[in-house]
Amino acid sequence: MPEVKQDHPQISRGQAVPPDRSTWWSRLQQRFPILQRKRGVALVIGLMILPFFGLLGLLALRNRHNSSSGGAAETGSGQDLITNDAFFYGQSEPVYPCPAMTGAGTWADAYNKAVNFVKQLTTEEKVTLATGISSSTGSSGTVNGCSGNIDAIPRMNFSGLCLNDAGQGVRATDFVSGFPSGIHVAASWNKDLARSRAESMGLEFKVKGVNILLGPVVGPLGRVVRGGRNWEGFSPDPYLSGALVSETVQGIQSQGVITSTKHYIGYEQETNRQPTGDVEAVSSNIDDKTLHELYLWPFQDAVKAGTANIMCSYNRVNNSYACANSKTQNGILKTELGFQGAITSDWGAMHAGVASAEAGMDMVMPNSDLWGDNLTKAVNNGSLSEDRLNDMATRIMAGYYQMGQDQDFPEPGVGMPADLTKPHRIIDARNISSQQVLLDGAIEGHVLLKNVNNALPLNKPRMLSVFGYSAKSPDQWNYKSNGGVAAWTFGGESSYLGRDTSAGFAGHYYEDFSDIAPNGTLFSGGGSGAVTPASVSSPFDALNARALDDRTAVFWDFFTPDPDVAATSDACLVIVNAFASEGYDRPGLRDDYTDGLIRHVADRCNNTVVIFHNAGVRLVDQWVDHPNVTALVFAHLPGEASGRALVSLLYGESNPSGKLPYTVARNESDYEGFAGPDLPEGRYEKFPQSNLSAEGVYIDYRHFDANNITPRYEFGFGLSYTTFNYSNLQITKRDGANTDQYPTGAIREGGQVDLWDVLATVSADIQNVGDIDGAEAAQLYVAIPNAPAKQLRGFGKPFINATASATISFDLTRRDLSVWDVVAQKWLLQPGTYGVFVGASSRNLPLNGTLTI
């Protein structure tokens with residue numbers, strides 16, 4: 001939009017224009033004698049210029065934050081409010097046409113079946129495959145309880161598709177399990193466990209008749225520390241997220257269920273995630289290098305693992321809506337990464353009809369008037385090519401055939417009743433084989449951060465006092481009861497019966513949201529990623545059962561901010577939480593109520609153990625150095641086995657092995673500009689801007705390293721009840737490995753095939769020098785030339801018996817050692833010396849060496 005010209009008064013130079021004081025001024029002096037004195041004249045002048053200074057102040061207030069908005073254009077005083085989207089045209093490179101599916105690699109058979117199927121369809125039937133027909137997302141559905149549906153085509157013996165949330169288990173239905181959340185899986189640092197969890201979860205989705213699982217999550221990655229959905233994903237480190245999403249995709253799809261890896265791409269905040277009123281959705285402005293090295297990295301791993309579906313996100317990317325962004329969908333996902341599957345919109349994320357189809361989106365959810373009959377008309381009148389519609393249908397059906405859903409797959413939504421309050425057929429999806437996976441997953445995602453004076457493990461205490469609102473089961477666990485749909489189905493039972501989640505879903509991004517869920521313990525966060533397990537184990541339930549066995553006296557107070565504390569308690573457990581939900585970003589990284597409760601108990605109990613169920617980073621410096629706070633556990637979001645897992649760790653039946661998948665700062669200001677979301681400001685009030693290029697790849701521990709900031713607890717940190725020593729670092733280059741600067745291989749799923757060639761192997765010995773068996777999450781970091789000081793490039797978790805040793809090895813691929821060349825548009829392997837570091841955390845790396853390329 002062209003700027004509006006502003007007229008300013010012209011100042012005449014070279015001639016004097018004195019006021020006519022013989023008229024109005026003299027009359028004023030006569031009426032107000034004070035004006036005949038100098039003080040009176042000064043008073044008038046002061047009153048006249050006061051509004052001017054006030055106006056300057058308002059202008060300064062309006063523009064003071066412009067530099068943090070990250071707009072794609074310059075900001076500053078005197079610039080006009082942008083009111084037309086045309087201002088941003090061209091900021092996201094157009095890439096057309098959408099590349100057709102090729103059936104490369106393992107997709108050949110599924111592709112041929114899909115092509116043959118689509119050839120027999122009418123235009124209307126092809127459109128049916130691409131357009132959702134109904135959705136419940138937990139309320140009373142018209143077809144079933146699935147989050148979304150694709151209609152059947154009976155004459156083709158195609159029964160349709162059921163799409164359902166989410167990445168931690170089947171949501172909003174009965175007789176299912178509640179698995180640990182993504183952040184909890186990342187805290188386990190256990191690839192094998194991630195795979196087992198995915199297989200068990202995929203089986204439950206299949207039994208319920210869900211064709212497409214809406215997950216896993218690698219966007220948000222976690223740039224915004226207070227991001228409301230960080231808990232659904234794994235970690236702000238792209239390598240850790242990529243390794244775990246790869247295992248998750250493979251595990252779920254091994255059960256014949258399609259994964260819809262989400263949210264693609266740059267979806268890093270909830271605030272202004274969708275257009276509201278006359279304000280558009282926030283734009284994540286990302287340069288090419290940052291996109292590839294950070295935000296795209298785990299999506300690339302998901303594509304390499306074979307994900308058959310990708311969900312495009314709500315936000316704009318470089319000021320083009322993600323679901324209509326031809327650069328990210330056509331150019332990067334379907335061309336550069338060789339993605340063979342279909343792109344599905346997030347619920348309500350499509351804002352253009354033909355334009356979205358041409359930009360690469362293949363399926364709209366839950367439904368849209370822009371497609372359906374209008375898409376049929378567009379094809380018939382030539383606005384959209386028949387070839388593009390054929391490709392959309394082919395990609396959707398290819399995923400169906402790739403998973404074998406044409407053979408013995410349950411009826412779509414068979415275990416997803418439209419209304420749980422009415423009599424319905426019970427489909428119990430739980431499997432006895434998943435019980436150990438649920439417990440192990442819950443145990444290993446707990447992180448022990450402090451343990452002095454052998455406070456833990458507990459040993460049959462005579463008296464135990466338990467405090468805190470997150471110790472007990474939620475006050476309510478009941479479908480569509482007092483809190484309505486948002487409470488149970490969207491994880492809001494413990495958080496004011498879903499009050500905040502409902503507000504966020506309604507687009508009320510600036511409400512007075514709570515930092516905590518005060519009505520009970522957390523099994524997951526809130527929103528579409530929540531879990532609705534058939535049965536749960538809360539911390540207090542499990543603690544009380546253990547106390548009965550040990551004949552331990554137990555006192556508790558879950559409600560009082562300043563409870564009575566029995567001085568004779570052997571230990572005082574303070575079990576609290578930090579809640580987060582889809583729909584809004586967390587208001588802070590700490591809260592006064594919880595910090596006050598912890599200090600109150602610690603002042604009165606010399607063995608205070610603090611346990612946090614945290615849906616993200618939680619600051620602890622208000623009390624962690626208190627001499628009576630002897631232990632601290634970040635329990636994250638363990639799923640249904642929460643209480644059993646915690647007791648197993650507190651009493652030493654299990655040895656803590658989790659480590660932080662993020663950095664815990666001492667102060668929120670240590671995170672600088674990306675602690676919270678970017679807001680609509682200045683001339684971008686109607687088009688919010690978030691400049692992800694401002695810090696580039698330097699988020700989380702990379703930011704702390706680059707700025708020499710000492711964290712409270714570093715990325716990768718976690719304690720054990722035993723001690724491990726590292727030794728014998730070995731770095732071996734792979735014989736015959738091609739170390740040319742650029743890859744030359746053909747493009748298959750995940751990109752050029754030689755990106756995955758192993759160039760070197762690193763190994764180290766780890767000895768358990770304590771007297772307790774345990775697992776150690778060993779980590780490999782590499783210092784790549786012209787890149788952050790160190791980046792995670794490998795991890796493993798051997799279980800080592802007391803006094804025993806194990807050797808761990810890490811393969812380094814061409815991609816692991818490369819940087820993105822924005823000119824060549826390829827991954828560049830630079831000649832030079834690479835630092836290699838192995839140890840227990842990002843700041844505890846006793847072994848170091850070099851690799852020369």
# chains A, B, ... in the order shown; residues from 1 in each chain; ligands from 1

call {"tool": "select_by_dssp", "arguments": {"residues": "segment 354-553 of chain A", "states": "alpha helix (DSSP H)", "output": "count of residues only"}}
result
63

call {"tool": "residues_around", "arguments": {"residues": "Val836 of chain A", "least_positions_apart": "5", "cutoff": "9 Å", "atoms": "only C-alpha atoms", "output": "number ranges by chain"}}
result
A: 731, 762, 780-783, 790, 847-851

call {"tool": "residues_around", "arguments": {"residues": "Glu444 of chain A", "least_positions_apart": "3", "cutoff": "7 Å", "atoms": "only C-alpha atoms", "output": "list in words"}}
result
Ser188, Asp440, Gly441, Pro656, Ser657 and Gly658 of chain A

call {"tool": "closest_residue", "arguments": {"among": "A:Ala471, A:Ala302, A:Leu448, A:Ile82", "to": "Glu681 of chain A", "atoms": "only C-alpha atoms"}}
result
A:Ile82

call {"tool": "residues_around", "arguments": {"residues": "Ile611 of chain A", "least_positions_apart": "2", "cutoff": "9 Å", "atoms": "only C-alpha atoms", "output": "list of chain:residue names"}}
result
A:Ser470, A:Leu573, A:Val574, A:Ile575, A:Val576, A:Asn577, A:Val609, A:His613, A:Ala631, A:Leu632, A:Val633, A:Phe634, A:Ala635

call {"tool": "write_last_selection", "arguments": {"atoms": "N, CA, C and O atoms", "output": "PDB file, in the first residue's frame"}}
result
ATOM      1  N   SER A 470      -0.780 -29.868  43.052  1.00  0.00           N
ATOM      2  CA  SER A 470      -0.564 -30.840  41.983  1.00  0.00           C
ATOM      3  C   SER A 470      -0.328 -32.249  42.515  1.00  0.00           C
ATOM      4  O   SER A 470       0.056 -33.144  41.767  1.00  0.00           O
ATOM      5  N   LEU A 573       7.089 -32.997  51.054  1.00  0.00           N
ATOM      6  CA  LEU A 573       7.006 -32.959  49.601  1.00  0.00           C
ATOM      7  C   LEU A 573       6.081 -31.821  49.187  1.00  0.00           C
ATOM      8  O   LEU A 573       4.930 -31.764  49.633  1.00  0.00           O
ATOM      9  N   VAL A 574       6.584 -30.936  48.353  1.00  0.00           N
ATOM     10  CA  VAL A 574       5.763 -29.853  47.805  1.00  0.00           C
ATOM     11  C   VAL A 574       5.582 -30.157  46.322  1.00  0.00           C
ATOM     12  O   VAL A 574       6.535 -30.089  45.530  1.00  0.00           O
ATOM     13  N   ILE A 575       4.362 -30.513  45.948  1.00  0.00           N
ATOM     14  CA  ILE A 575       4.087 -30.972  44.580  1.00  0.00           C
ATOM     15  C   ILE A 575       3.203 -29.932  43.889  1.00  0.00           C
ATOM     16  O   ILE A 575       2.029 -29.776  44.237  1.00  0.00           O
ATOM     17  N   VAL A 576       3.780 -29.235  42.927  1.00  0.00           N
ATOM     18  CA  VAL A 576       3.130 -28.085  42.299  1.00  0.00           C
ATOM     19  C   VAL A 576       3.278 -28.196  40.782  1.00  0.00           C
ATOM     20  O   VAL A 576       3.831 -29.173  40.267  1.00  0.00           O
ATOM     21  N   ASN A 577       2.802 -27.175  40.036  1.00  0.00           N
ATOM     22  CA  ASN A 577       2.888 -27.301  38.590  1.00  0.00           C
ATOM     23  C   ASN A 577       3.069 -25.961  37.888  1.00  0.00           C
ATOM     24  O   ASN A 577       2.943 -24.886  38.502  1.00  0.00           O
ATOM     25  N   VAL A 609      11.398 -31.380  49.699  1.00  0.00           N
ATOM     26  CA  VAL A 609      11.585 -31.900  48.337  1.00  0.00           C
ATOM     27  C   VAL A 609      10.526 -31.272  47.442  1.00  0.00           C
ATOM     28  O   VAL A 609       9.322 -31.414  47.711  1.00  0.00           O
ATOM     29  N   HIS A 613       5.286 -30.494  38.153  1.00  0.00           N
ATOM     30  CA  HIS A 613       4.740 -30.966  36.887  1.00  0.00           C
ATOM     31  C   HIS A 613       4.730 -29.747  35.966  1.00  0.00           C
ATOM     32  O   HIS A 613       3.852 -28.893  36.060  1.00  0.00           O
ATOM     33  N   ALA A 631      15.971 -31.218  47.617  1.00  0.00           N
ATOM     34  CA  ALA A 631      15.849 -31.929  46.340  1.00  0.00           C
ATOM     35  C   ALA A 631      14.834 -31.217  45.460  1.00  0.00           C
ATOM     36  O   ALA A 631      13.877 -30.605  45.950  1.00  0.00           O
ATOM     37  N   LEU A 632      15.062 -31.317  44.159  1.00  0.00           N
ATOM     38  CA  LEU A 632      14.162 -30.737  43.163  1.00  0.00           C
ATOM     39  C   LEU A 632      14.009 -31.712  42.006  1.00  0.00           C
ATOM     40  O   LEU A 632      15.012 -32.214  41.475  1.00  0.00           O
ATOM     41  N   VAL A 633      12.761 -31.970  41.635  1.00  0.00           N
ATOM     42  CA  VAL A 633      12.461 -32.859  40.518  1.00  0.00           C
ATOM     43  C   VAL A 633      11.550 -32.117  39.544  1.00  0.00           C
ATOM     44  O   VAL A 633      10.521 -31.567  39.957  1.00  0.00           O
ATOM     45  N   PHE A 634      11.930 -32.102  38.273  1.00  0.00           N
ATOM     46  CA  PHE A 634      11.018 -31.665  37.223  1.00  0.00           C
ATOM     47  C   PHE A 634      10.327 -32.918  36.695  1.00  0.00           C
ATOM     48  O   PHE A 634      10.939 -33.753  36.038  1.00  0.00           O
ATOM     49  N   ALA A 635       9.040 -33.037  37.007  1.00  0.00           N
ATOM     50  CA  ALA A 635       8.283 -34.236  36.655  1.00  0.00           C
ATOM     51  C   ALA A 635       7.586 -34.112  35.306  1.00  0.00           C
ATOM     52  O   ALA A 635       6.984 -35.074  34.825  1.00  0.00           O
TER      53      ALA A 635
END

call {"tool": "closest_residue", "arguments": {"among": "A:Asp735, A:Asp700, A:Glu653, A:Glu358", "to": "Phe674 of chain A", "atoms": "only C-alpha atoms"}}
result
A:Asp700

call {"tool": "residues_around", "arguments": {"residues": "Pro788 of chain A", "least_positions_apart": "4", "cutoff": "12 Å", "atoms": "only C-alpha atoms", "output": "ChimeraX atom specification"}}
result
/A:293-294,695-707,781-784,792,819,834-835

call {"tool": "residues_around", "arguments": {"residues": "Tyr726 of chain A", "least_positions_apart": "3", "cutoff": "8 Å", "atoms": "only C-alpha atoms", "output": "NGL selection string"}}
result
:A and (764-767 or 839 or 846-847)

call {"tool": "write_last_selection", "arguments": {"atoms": "all heavy atoms", "output": "mmCIF file, in the first residue's frame"}}
result
data_model
loop_
_atom_site.group_PDB
_atom_site.id
_atom_site.type_symbol
_atom_site.label_atom_id
_atom_site.label_comp_id
_atom_site.auth_asym_id
_atom_site.auth_seq_id
_atom_site.Cartn_x
_atom_site.Cartn_y
_atom_site.Cartn_z
ATOM 1 N N ALA A 764 33.045 -43.507 22.957
ATOM 2 C CA ALA A 764 33.590 -43.215 24.282
ATOM 3 C C ALA A 764 33.172 -44.312 25.238
ATOM 4 O O ALA A 764 32.165 -45.003 25.021
ATOM 5 C CB ALA A 764 33.104 -41.861 24.776
ATOM 6 N N ASP A 765 33.948 -44.473 26.302
ATOM 7 C CA ASP A 765 33.626 -45.433 27.355
ATOM 8 C C ASP A 765 32.987 -44.710 28.529
ATOM 9 O O ASP A 765 33.390 -43.599 28.897
ATOM 10 C CB ASP A 765 34.891 -46.148 27.840
ATOM 11 C CG ASP A 765 35.499 -47.040 26.775
ATOM 12 O OD1 ASP A 765 34.777 -47.397 25.821
ATOM 13 O OD2 ASP A 765 36.696 -47.361 26.886
ATOM 14 N N ILE A 766 31.978 -45.336 29.111
ATOM 15 C CA ILE A 766 31.291 -44.781 30.277
ATOM 16 C C ILE A 766 31.302 -45.836 31.367
ATOM 17 O O ILE A 766 30.896 -46.979 31.138
ATOM 18 C CB ILE A 766 29.842 -44.392 29.953
ATOM 19 C CG1 ILE A 766 29.787 -43.459 28.735
ATOM 20 C CG2 ILE A 766 29.179 -43.728 31.151
ATOM 21 C CD1 ILE A 766 28.381 -43.180 28.239
ATOM 22 N N GLN A 767 31.748 -45.461 32.566
ATOM 23 C CA GLN A 767 31.777 -46.395 33.697
ATOM 24 C C GLN A 767 30.873 -45.899 34.811
ATOM 25 O O GLN A 767 30.869 -44.711 35.154
ATOM 26 C CB GLN A 767 33.191 -46.560 34.246
ATOM 27 C CG GLN A 767 33.264 -47.591 35.373
ATOM 28 C CD GLN A 767 34.674 -47.770 35.918
ATOM 29 O OE1 GLN A 767 35.572 -46.994 35.614
ATOM 30 N NE2 GLN A 767 34.871 -48.805 36.734
ATOM 31 N N GLY A 839 30.029 -35.886 26.697
ATOM 32 C CA GLY A 839 29.875 -35.807 28.137
ATOM 33 C C GLY A 839 28.436 -35.946 28.572
ATOM 34 O O GLY A 839 27.585 -36.454 27.841
ATOM 35 N N PRO A 846 33.672 -33.686 29.481
ATOM 36 C CA PRO A 846 35.060 -33.974 29.851
ATOM 37 C C PRO A 846 35.923 -34.474 28.696
ATOM 38 O O PRO A 846 37.151 -34.381 28.776
ATOM 39 C CB PRO A 846 34.918 -35.051 30.930
ATOM 40 C CG PRO A 846 33.594 -35.694 30.650
ATOM 41 C CD PRO A 846 32.713 -34.606 30.135
ATOM 42 N N LEU A 847 35.315 -35.016 27.648
ATOM 43 C CA LEU A 847 36.088 -35.547 26.531
ATOM 44 C C LEU A 847 36.010 -34.594 25.348
ATOM 45 O O LEU A 847 34.925 -34.146 24.974
ATOM 46 C CB LEU A 847 35.569 -36.925 26.116
ATOM 47 C CG LEU A 847 35.467 -37.992 27.211
ATOM 48 C CD1 LEU A 847 34.982 -39.312 26.626
ATOM 49 C CD2 LEU A 847 36.798 -38.169 27.932
#

call {"tool": "select_by_dssp", "arguments": {"residues": "segment 530-623 of chain A", "states": "strand (DSSP E or B)", "output": "list of chain:residue names"}}
result
A:Ala553, A:Val554, A:Phe555, A:Trp556, A:Asp557, A:Ala571, A:Cys572, A:Leu573, A:Val574, A:Ile575, A:Val576, A:Asn577, A:Ala578, A:Ser581, A:Tyr584, A:Thr608, A:Val609, A:Val610, A:Ile611, A:Phe612, A:His613, A:Asn614

call {"tool": "closest_residue", "arguments": {"among": "A:Arg599, A:Lys460, A:His263, A:Arg586", "to": "Glu511 of chain A", "atoms": "only C-alpha atoms"}}
result
A:Arg586

call {"tool": "residues_around", "arguments": {"residues": "Ala675 of chain A", "least_positions_apart": "6", "cutoff": "8 Å", "atoms": "only C-alpha atoms", "output": "VMD selection string"}}
result
chain A and resid 224 to 226 668 to 669

call {"tool": "closest_residue", "arguments": {"among": "A:Ile516, A:Leu370, A:Met101, A:Leu221", "to": "Thr131 of chain A", "atoms": "only C-alpha atoms"}}
result
A:Leu370
